[in-house]
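Data file: structure.json. Format and content: JSON, C-alpha atoms.
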[["chain", "number", "residue", "atom", "x", "y", "z"],
["A", 25, "MET", "CA", -18.48, -54.62, 159.29],
["A", 26, "THR", "CA", -15.04, -55.63, 158.11],
["A", 27, "ALA", "CA", -12.21, -53.70, 156.52],
["A", 28, "PRO", "CA", -12.67, -53.11, 152.78],
["A", 29, "ASP", "CA", -11.18, -55.54, 150.30],
["A", 30, "SER", "CA", -8.71, -52.81, 149.31],
["A", 31, "ALA", "CA", -6.93, -53.06, 152.68],
["A", 32, "PRO", "CA", -5.48, -56.56, 152.97],
["A", 33, "ASN", "CA", -2.18, -57.17, 154.71],
["A", 34, "SER", "CA", -0.47, -57.46, 151.33],
["A", 35, "VAL", "CA", -1.50, -55.81, 148.08],
["A", 36, "ARG", "CA", -0.28, -56.61, 144.56],
["A", 37, "PRO", "CA", 1.88, -54.22, 142.52],
["A", 38, "HIS", "CA", 0.66, -50.92, 141.16],
["A", 39, "GLY", "CA", 2.67, -48.67, 138.89],
["A", 40, "ALA", "CA", 1.04, -45.24, 138.59],
["A", 41, "GLY", "CA", 2.02, -43.91, 141.99],
["A", 42, "VAL", "CA", 0.89, -44.23, 145.58],
["A", 43, "ALA", "CA", -0.23, -41.21, 147.60],
["A", 44, "VAL", "CA", 0.20, -41.45, 151.37],
["A", 45, "LEU", "CA", -2.10, -39.45, 153.65],
["A", 46, "SER", "CA", -1.52, -39.70, 157.39],
["A", 47, "ASP", "CA", -2.98, -38.13, 160.52],
["A", 48, "ILE", "CA", -5.95, -36.47, 158.84],
["A", 49, "HIS", "CA", -7.64, -36.01, 162.24],
["A", 50, "ALA", "CA", -11.04, -35.30, 160.69],
["A", 51, "VAL", "CA", -9.96, -31.98, 159.21],
["A", 52, "LEU", "CA", -12.13, -32.25, 156.12],
["A", 53, "PRO", "CA", -11.00, -29.02, 154.40],
["A", 54, "ALA", "CA", -7.38, -30.19, 154.49],
["A", 55, "LEU", "CA", -8.35, -33.62, 153.18],
["A", 56, "GLU", "CA", -10.35, -32.10, 150.34],
["A", 57, "ALA", "CA", -7.41, -29.91, 149.35],
["A", 58, "VAL", "CA", -5.08, -32.92, 149.13],
["A", 59, "LEU", "CA", -7.58, -35.07, 147.25],
["A", 60, "ALA", "CA", -7.87, -32.28, 144.66],
["A", 61, "GLU", "CA", -4.14, -32.49, 143.89],
["A", 62, "PRO", "CA", -3.58, -33.85, 140.36],
["A", 63, "ASP", "CA", -1.04, -36.42, 141.56],
["A", 64, "VAL", "CA", -3.47, -37.71, 144.19],
["A", 65, "ARG", "CA", -6.30, -37.86, 141.69],
["A", 66, "ALA", "CA", -4.07, -39.87, 139.35],
["A", 67, "ALA", "CA", -2.61, -42.21, 141.99],
["A", 68, "ASP", "CA", -3.40, -45.92, 141.78],
["A", 69, "ARG", "CA", -3.70, -46.17, 145.53],
["A", 70, "ILE", "CA", -4.22, -43.73, 148.39],
["A", 71, "VAL", "CA", -2.77, -45.18, 151.57],
["A", 72, "LEU", "CA", -4.29, -43.84, 154.79],
["A", 73, "THR", "CA", -1.79, -44.42, 157.59],
["A", 74, "GLY", "CA", -4.00, -43.89, 160.60],
["A", 75, "ASP", "CA", -5.45, -41.31, 162.98],
["A", 76, "LEU", "CA", -8.10, -40.53, 160.42],
["A", 77, "LEU", "CA", -11.24, -39.47, 162.33],
["A", 78, "ALA", "CA", -10.08, -38.16, 165.72],
["A", 79, "GLY", "CA", -10.99, -34.54, 165.18],
["A", 80, "PRO", "CA", -13.78, -32.03, 164.60],
["A", 81, "LEU", "CA", -15.57, -33.47, 161.50],
["A", 82, "PRO", "CA", -15.43, -37.26, 161.90],
["A", 83, "ARG", "CA", -18.63, -38.33, 160.13],
["A", 84, "GLN", "CA", -18.04, -36.06, 157.15],
["A", 85, "THR", "CA", -14.41, -37.15, 156.86],
["A", 86, "LEU", "CA", -15.32, -40.83, 156.99],
["A", 87, "ALA", "CA", -17.88, -40.34, 154.21],
["A", 88, "ARG", "CA", -15.30, -38.60, 152.02],
["A", 89, "LEU", "CA", -12.70, -41.31, 152.59],
["A", 90, "ARG", "CA", -15.19, -44.08, 151.87],
["A", 91, "ALA", "CA", -16.03, -42.37, 148.59],
["A", 92, "LEU", "CA", -12.49, -43.25, 147.44],
["A", 93, "GLY", "CA", -13.68, -46.83, 147.08],
["A", 94, "ASP", "CA", -11.09, -49.47, 146.29],
["A", 95, "ARG", "CA", -8.36, -46.88, 145.71],
["A", 96, "ALA", "CA", -8.08, -46.44, 149.47],
["A", 97, "VAL", "CA", -5.84, -48.66, 151.59],
["A", 98, "TRP", "CA", -6.81, -48.22, 155.24],
["A", 99, "ILE", "CA", -4.47, -48.61, 158.23],
["A", 100, "SER", "CA", -5.34, -48.15, 161.90],
["A", 101, "GLY", "CA", -3.69, -45.53, 164.08],
["A", 102, "ASN", "CA", -3.68, -45.35, 167.85],
["A", 103, "ALA", "CA", -6.52, -42.81, 167.86],
["A", 104, "ASP", "CA", -8.62, -45.00, 165.56],
["A", 105, "ARG", "CA", -8.02, -48.00, 167.80],
["A", 106, "GLU", "CA", -8.92, -46.05, 170.93],
["A", 107, "MET", "CA", -12.05, -44.64, 169.33],
["A", 108, "ALA", "CA", -13.15, -48.12, 168.24],
["A", 109, "ALA", "CA", -12.77, -49.37, 171.82],
["A", 110, "ALA", "CA", -14.61, -46.41, 173.36],
["A", 111, "ARG", "CA", -17.29, -47.31, 175.87],
["A", 112, "PRO", "CA", -18.76, -45.41, 178.84],
["A", 113, "GLY", "CA", -15.91, -45.22, 181.33],
["A", 114, "ASN", "CA", -13.37, -46.19, 178.67],
["A", 115, "GLU", "CA", -13.26, -43.08, 176.49],
["A", 116, "PRO", "CA", -10.07, -41.88, 174.80],
["A", 117, "ALA", "CA", -8.03, -39.61, 177.05],
["A", 118, "ASP", "CA", -8.00, -36.76, 174.55],
["A", 119, "PRO", "CA", -11.28, -34.81, 174.85],
["A", 120, "MET", "CA", -11.61, -34.24, 171.10],
["A", 121, "ASP", "CA", -10.98, -37.92, 170.37],
["A", 122, "ALA", "CA", -13.59, -38.91, 172.95],
["A", 123, "TRP", "CA", -16.11, -36.51, 171.44],
["A", 124, "ALA", "CA", -15.38, -37.79, 167.91],
["A", 125, "ALA", "CA", -15.90, -41.40, 169.01],
["A", 126, "GLY", "CA", -19.31, -40.41, 170.31],
["A", 127, "GLN", "CA", -20.30, -39.09, 166.88],
["A", 128, "LEU", "CA", -19.86, -42.47, 165.19],
["A", 129, "GLY", "CA", -22.38, -45.28, 165.16],
["A", 130, "PRO", "CA", -21.69, -48.90, 166.16],
["A", 131, "ASP", "CA", -21.02, -50.00, 162.58],
["A", 132, "GLU", "CA", -18.58, -47.15, 162.02],
["A", 133, "LEU", "CA", -16.73, -47.92, 165.25],
["A", 134, "GLU", "CA", -16.62, -51.59, 164.30],
["A", 135, "PHE", "CA", -15.15, -50.58, 160.94],
["A", 136, "LEU", "CA", -12.40, -48.60, 162.69],
["A", 137, "GLY", "CA", -11.68, -51.56, 164.94],
["A", 138, "SER", "CA", -11.31, -53.86, 161.92],
["A", 139, "LEU", "CA", -8.51, -51.89, 160.27],
["A", 140, "PRO", "CA", -5.09, -53.57, 160.03],
["A", 141, "ALA", "CA", -2.03, -52.26, 161.89],
["A", 142, "THR", "CA", 0.22, -52.68, 158.85],
["A", 143, "VAL", "CA", -0.10, -53.19, 155.11],
["A", 144, "THR", "CA", 2.61, -54.23, 152.66],
["A", 145, "LEU", "CA", 2.15, -52.87, 149.16],
["A", 146, "GLU", "CA", 4.28, -53.43, 146.08],
["A", 147, "VAL", "CA", 5.31, -50.05, 144.67],
["A", 148, "ALA", "CA", 6.99, -49.68, 141.30],
["A", 149, "GLY", "CA", 10.71, -49.01, 141.75],
["A", 150, "LEU", "CA", 10.62, -49.60, 145.51],
["A", 151, "GLY", "CA", 9.46, -53.20, 145.77],
["A", 152, "PRO", "CA", 7.51, -54.20, 148.88],
["A", 153, "VAL", "CA", 6.80, -51.18, 151.08],
["A", 154, "LEU", "CA", 5.53, -51.60, 154.64],
["A", 155, "PHE", "CA", 3.00, -48.98, 155.75],
["A", 156, "CYS", "CA", 2.17, -48.47, 159.43],
["A", 157, "HIS", "CA", 1.08, -45.72, 161.79],
["A", 158, "ALA", "CA", 3.89, -45.12, 164.30],
["A", 159, "THR", "CA", 6.35, -48.01, 163.87],
["A", 160, "PRO", "CA", 5.96, -51.48, 162.37],
["A", 161, "ARG", "CA", 5.57, -53.02, 165.80],
["A", 162, "ASN", "CA", 3.51, -50.47, 167.74],
["A", 163, "ASP", "CA", 0.98, -47.73, 166.96],
["A", 164, "THR", "CA", 2.18, -45.31, 169.65],
["A", 165, "GLU", "CA", 5.92, -45.83, 169.57],
["A", 166, "VAL", "CA", 8.09, -42.79, 168.83],
["A", 167, "ALA", "CA", 10.87, -42.81, 166.25],
["A", 168, "GLN", "CA", 11.90, -39.48, 164.77],
["A", 169, "VAL", "CA", 14.27, -38.17, 162.15],
["A", 170, "ASP", "CA", 16.83, -37.46, 164.88],
["A", 171, "SER", "CA", 16.34, -40.68, 166.86],
["A", 172, "ARG", "CA", 19.48, -42.70, 167.60],
["A", 173, "PRO", "CA", 20.51, -45.47, 165.20],
["A", 174, "GLU", "CA", 20.00, -47.93, 168.06],
["A", 175, "ARG", "CA", 16.37, -46.85, 168.33],
["A", 176, "TRP", "CA", 15.79, -47.42, 164.65],
["A", 177, "ALA", "CA", 17.42, -50.84, 164.91],
["A", 178, "GLU", "CA", 14.90, -51.74, 167.63],
["A", 179, "VAL", "CA", 11.76, -50.60, 165.85],
["A", 180, "LEU", "CA", 12.77, -52.12, 162.49],
["A", 181, "ALA", "CA", 14.01, -55.42, 163.89],
["A", 182, "GLY", "CA", 10.94, -57.42, 162.92],
["A", 183, "VAL", "CA", 10.56, -56.06, 159.38],
["A", 184, "PRO", "CA", 11.07, -58.74, 156.70],
["A", 185, "ASP", "CA", 14.41, -58.54, 154.88],
["A", 186, "ALA", "CA", 12.67, -58.04, 151.53],
["A", 187, "VAL", "CA", 11.12, -54.76, 152.72],
["A", 188, "ARG", "CA", 13.56, -51.93, 152.10],
["A", 189, "THR", "CA", 11.11, -49.03, 152.55],
["A", 190, "VAL", "CA", 8.95, -48.31, 155.59],
["A", 191, "VAL", "CA", 6.32, -45.55, 155.67],
["A", 192, "CYS", "CA", 5.02, -44.33, 159.03],
["A", 193, "GLY", "CA", 3.18, -41.37, 160.54],
["A", 194, "HIS", "CA", 2.12, -40.49, 164.11],
["A", 195, "THR", "CA", 4.54, -37.65, 164.92],
["A", 196, "HIS", "CA", 3.07, -35.26, 162.31],
["A", 197, "MET", "CA", 6.50, -34.20, 161.02],
["A", 198, "PRO", "CA", 7.58, -35.10, 157.47],
["A", 199, "PHE", "CA", 11.00, -36.62, 156.92],
["A", 200, "VAL", "CA", 12.97, -39.13, 154.89],
["A", 201, "ARG", "CA", 15.78, -41.03, 156.59],
["A", 202, "PHE", "CA", 18.03, -43.87, 155.43],
["A", 203, "THR", "CA", 18.93, -46.16, 158.30],
["A", 204, "HIS", "CA", 20.05, -49.79, 158.63],
["A", 205, "GLY", "CA", 19.73, -50.32, 154.90],
["A", 206, "ARG", "CA", 16.14, -49.11, 154.76],
["A", 207, "LEU", "CA", 14.46, -45.93, 153.65],
["A", 208, "VAL", "CA", 12.03, -44.59, 156.27],
["A", 209, "VAL", "CA", 9.42, -42.06, 155.13],
["A", 210, "ASN", "CA", 7.06, -40.00, 157.24],
["A", 211, "PRO", "CA", 4.61, -37.96, 155.13],
["A", 212, "GLY", "CA", 3.69, -35.64, 158.00],
["A", 213, "SER", "CA", 0.12, -34.75, 158.90],
["A", 214, "VAL", "CA", -2.74, -33.73, 156.63],
["A", 215, "GLY", "CA", -4.86, -32.19, 159.38],
["A", 216, "MET", "CA", -2.60, -31.34, 162.33],
["A", 217, "PRO", "CA", 0.67, -29.98, 160.92],
["A", 218, "TYR", "CA", 3.52, -28.65, 163.01],
["A", 219, "GLY", "CA", 5.63, -25.76, 161.82],
["A", 220, "ARG", "CA", 3.46, -24.31, 159.06],
["A", 221, "PRO", "CA", -0.19, -24.39, 158.00],
["A", 222, "GLY", "CA", -1.18, -26.62, 155.13],
["A", 223, "ALA", "CA", -1.48, -30.34, 154.53],
["A", 224, "HIS", "CA", 1.57, -32.61, 154.37],
["A", 225, "TRP", "CA", 1.54, -35.88, 152.42],
["A", 226, "ALA", "CA", 3.85, -38.04, 150.31],
["A", 227, "LEU", "CA", 3.97, -39.51, 146.82],
["A", 228, "LEU", "CA", 5.74, -42.80, 146.09],
["A", 229, "GLY", "CA", 6.62, -43.38, 142.44],
["A", 230, "PRO", "CA", 6.05, -43.50, 139.57],
["A", 231, "GLY", "CA", 9.27, -42.88, 137.69],
["A", 232, "GLY", "CA", 11.73, -45.33, 139.20],
["A", 233, "GLY", "CA", 10.37, -45.40, 142.72],
["A", 234, "ALA", "CA", 10.84, -41.75, 143.64],
["A", 235, "VAL", "CA", 9.79, -40.62, 147.13],
["A", 236, "THR", "CA", 8.51, -37.05, 147.29],
["A", 237, "LEU", "CA", 7.36, -35.16, 150.36],
["A", 238, "ARG", "CA", 4.53, -32.83, 149.39],
["A", 239, "HIS", "CA", 2.80, -29.82, 150.95],
["A", 240, "THR", "CA", -0.62, -28.55, 149.90],
["A", 241, "ALA", "CA", -1.46, -25.00, 150.85],
["A", 242, "PHE", "CA", -5.11, -24.11, 151.34],
["A", 243, "ASP", "CA", -7.10, -21.30, 152.94],
["A", 244, "HIS", "CA", -6.62, -22.31, 156.56],
["A", 245, "GLU", "CA", -8.48, -19.25, 157.84],
["A", 246, "ALA", "CA", -11.55, -20.30, 155.86],
["A", 247, "ALA", "CA", -11.02, -23.87, 157.04],
["A", 248, "CYS", "CA", -11.06, -22.79, 160.68],
["A", 249, "ALA", "CA", -14.27, -20.84, 160.12],
["A", 250, "ARG", "CA", -15.84, -23.83, 158.38],
["A", 251, "ILE", "CA", -14.87, -26.20, 161.19],
["A", 252, "ALA", "CA", -16.31, -23.83, 163.81],
["A", 253, "ARG", "CA", -19.52, -23.60, 161.77],
["A", 254, "GLU", "CA", -20.01, -27.27, 160.82],
["A", 255, "SER", "CA", -18.66, -29.16, 163.84],
["A", 256, "ASP", "CA", -20.88, -29.86, 166.83],
["A", 257, "SER", "CA", -17.87, -30.07, 169.14],
["A", 258, "PRO", "CA", -17.90, -27.26, 171.72],
["A", 259, "SER", "CA", -14.11, -27.03, 171.43],
["A", 260, "ALA", "CA", -13.96, -27.12, 167.61],
["A", 261, "ALA", "CA", -13.07, -23.45, 167.11],
["A", 262, "ALA", "CA", -10.26, -23.50, 169.66],
["A", 263, "TRP", "CA", -8.99, -26.85, 168.40],
["A", 264, "ALA", "CA", -8.85, -25.59, 164.82],
["A", 265, "ASP", "CA", -7.17, -22.36, 165.89],
["A", 266, "THR", "CA", -4.38, -24.38, 167.47],
["A", 267, "TYR", "CA", -3.89, -27.20, 165.00],
["A", 268, "VAL", "CA", -5.15, -26.06, 161.60],
["A", 269, "ARG", "CA", -3.26, -22.79, 162.02],
["A", 270, "ALA", "CA", -0.20, -24.82, 163.15],
["A", 271, "ARG", "CA", 0.51, -22.87, 166.31],
["A", 272, "TYR", "CA", 3.20, -25.38, 167.39],
["A", 273, "SER", "CA", 6.56, -25.23, 165.65],
["A", 274, "ALA", "CA", 8.36, -28.31, 164.37],
["A", 275, "GLU", "CA", 11.08, -27.62, 166.92],
["A", 276, "GLU", "CA", 8.56, -27.63, 169.77],
["A", 277, "ALA", "CA", 7.10, -30.88, 168.47],
["A", 278, "LEU", "CA", 10.52, -32.54, 168.21],
["A", 279, "ALA", "CA", 11.27, -31.52, 171.79],
["A", 280, "ALA", "CA", 7.89, -32.81, 173.01],
["A", 281, "PHE", "CA", 8.12, -36.16, 171.23],
["A", 282, "GLY", "CA", 11.85, -36.63, 171.77],
["A", 283, "PRO", "CA", 11.83, -38.26, 175.20],
["A", 284, "GLY", "CA", 9.43, -40.89, 173.90],
["A", 285, "ASP", "CA", 12.17, -42.54, 171.84],
["A", 286, "GLY", "CA", 14.28, -43.31, 174.92],
["A", 287, "ARG", "CA", 17.04, -40.89, 174.05],
["A", 288, "ASN", "CA", 17.45, -39.86, 177.68],
["A", 289, "THR", "CA", 17.91, -43.37, 179.05],
["A", 290, "ALA", "CA", 20.94, -45.60, 179.21],
["A", 291, "PRO", "CA", 21.64, -47.70, 176.09],
["A", 292, "GLY", "CA", 19.73, -50.96, 176.11],
["A", 293, "THR", "CA", 17.15, -49.87, 178.69],
["A", 294, "ASP", "CA", 14.58, -48.08, 176.52],
["A", 295, "GLY", "CA", 11.75, -49.56, 174.49]]
Show this structure as structure tokens.
Amino acid sequence: MTAPDSAPNSVRPHGAGVAVLSDIHAVLPALEAVLAEPDVRAADRIVLTGDLLAGPLPRQTLARLRALGDRAVWISGNADREMAAARPGNEPADPMDAWAAGQLGPDELEFLGSLPATVTLEVAGLGPVLFCHATPRNDTEVAQVDSRPERWAEVLAGVPDAVRTVVCGHTHMPFVRFTHGRLVVNPGSVGMPYGRPGAHWALLGPGGGAVTLRHTAFDHEAACARIARESDSPSAAAWADTYVRARYSAEEALAAFGPGDGRNTAPGTDG
């Protein structure tokens, strides 16, 4: 099975807005809450920037995402890639990711493996926008809102000059930063937020190319109970208690991810 026609490496312009959903991690209640938002329902495209199914309800989440049809633009994240490559003896290191991979059939894993690493989409008011999971060149690389300018120069070096906006995910923390003449947007995580419960996402345009970070509150206590009830994972309840309830603060997450951007090494020796 190949990636859907709606996820080529370059997509033609659309003018009614683009919703960006990243790091859903198979938290179906959070996804459903975001998809019910009027601006998401009205969006021309819904861009899914990776790490979609590595979590407690993978089959159900995949079915809901596929129901979006050609509105969805799919991008692979590191967890999706690792799940697609899962074989006995080569399972993802994260226990929940390994369990989730085991819930998908061969065709579904092949579908995950077919997803592109980047997509460039014309967005009204912004021009060509490059969407990726972590950075344009790597699906596990760390670049944060407080990363050094030199780090951003490294990870953006291969981006075409015409692209002035880059949208990424991976670190689960929403931010907008202007660096080296480009706007970098991270919508945060739909399913595994840091700092506060609820689903984070972003809206690009319409109206002159505005970039808006959004937060959708939902009943996370009910969501945790639903996950514990509907997931076959033996660790689902504990996983949901940690991540759906957002037990980790944004400050803890910044400190944990921080060393990954080379900030503690000598200039010119990291990455």
**Message:** So that I can see what lies close to A:Leu136, please list as an MDAnalysis selection string the residues with an atom at most 7 Å from it, counting only C-alpha atoms and leaving out residues fewer than 4 positions away in the same chain.
**Reply:** chainID A and resid 104:105 108 132
**Interatomic distance, atom CA of A:Leu59 to atom CA of A:Arg250 (Å, one decimal)** = 17.8 Å
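As for atom CA of A:Ala50 and atom CA of A:Pro80, they are spaced 5.8 Å apart.
Nearest-residue note for A:Ser213: choosing from A:Trp176, A:Phe242, A:Tyr267, A:Phe135, the minimum distance belongs to A:Tyr267, counting all atoms listed in the file.
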**Request:** Compile the contact shell of stretch 251-258 of chain A as a PyMOL selection string: residues with an atom at most 12 Å away, counting only C-alpha atoms, same-chain residues fewer than 4 positions apart removed.
**Result:** chain A and resi 50-54+78-85+119-127+215+244-247+262-265+267-268
**Asked** For A:Ala167, which residue out of A:Ala249, A:Val64, A:Cys192, A:Val187 is the nearest one, using all atoms listed in the file?
**Response** A:Cys192
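Minimum distance to A:Leu89 across A:Arg271, A:Val191, A:Phe281, A:Val71 (counting all atoms listed in the file) occurs at A:Val71.
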**Message:** Please report the interatomic distance between atom CA of A:Val42 and atom CA of A:Gly229 in Å with one decimal.
**Reply:** 6.6 Å
**Fill in**
From the list A:Val179, A:Ala87, A:Met197, A:Ala277, the nearest residue to A:Glu165 using all atoms listed in the file is A:Val179
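Each of A:Ile99, A:Glu174, A:Glu134, A:Ala43 was compared to A:Glu61 using all atoms listed in the file, and A:Ala43 turns out to be the nearest.
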Could you give me the axis-aligned bounding box of stretch 255-273 of chain A, with 3 Å of padding per side, as centre plus edge lengths in Å to one decimal, as lines of an AutoDock Vina configuration file?
center_x = -7.2
center_y = -26.2
center_z = 166.7
size_x = 33.4
size_y = 13.7
size_z = 16.1
**Fill in**
A:Glu146 proximity check over A:Pro116, A:Gly286, A:Pro173, A:Gly233, using all atoms listed in the file: winner is A:Gly233
Tell me which protein, DNA and RNA residues are within 6 Å of A:Ala226, counting all atoms listed in the file, leaving out same-chain ones fewer than 6 positions away, and put them as a compact mmCIF listing (two decimals) with C-alpha atoms, keeping the file's coordinate frame.
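After the write, selection-v2.txt holds the following:
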# COMPACT_ATOMS: atom_id res chain seq x y z
CA ALA A 43 -0.23 -41.21 147.60
CA VAL A 44 0.20 -41.45 151.37
CA PRO A 211 4.61 -37.96 155.13
CA THR A 236 8.51 -37.05 147.29
CA LEU A 237 7.36 -35.16 150.36
CA ARG A 238 4.53 -32.83 149.39
**Asked** Counting all atoms listed in the file, which residues come within 8 Å of (11.0, -36.5, 161.0), with the point read in the file's coordinates, and could you list them as number ranges by chain?
**Response** A: 168-170, 195, 197-201, 210, 212
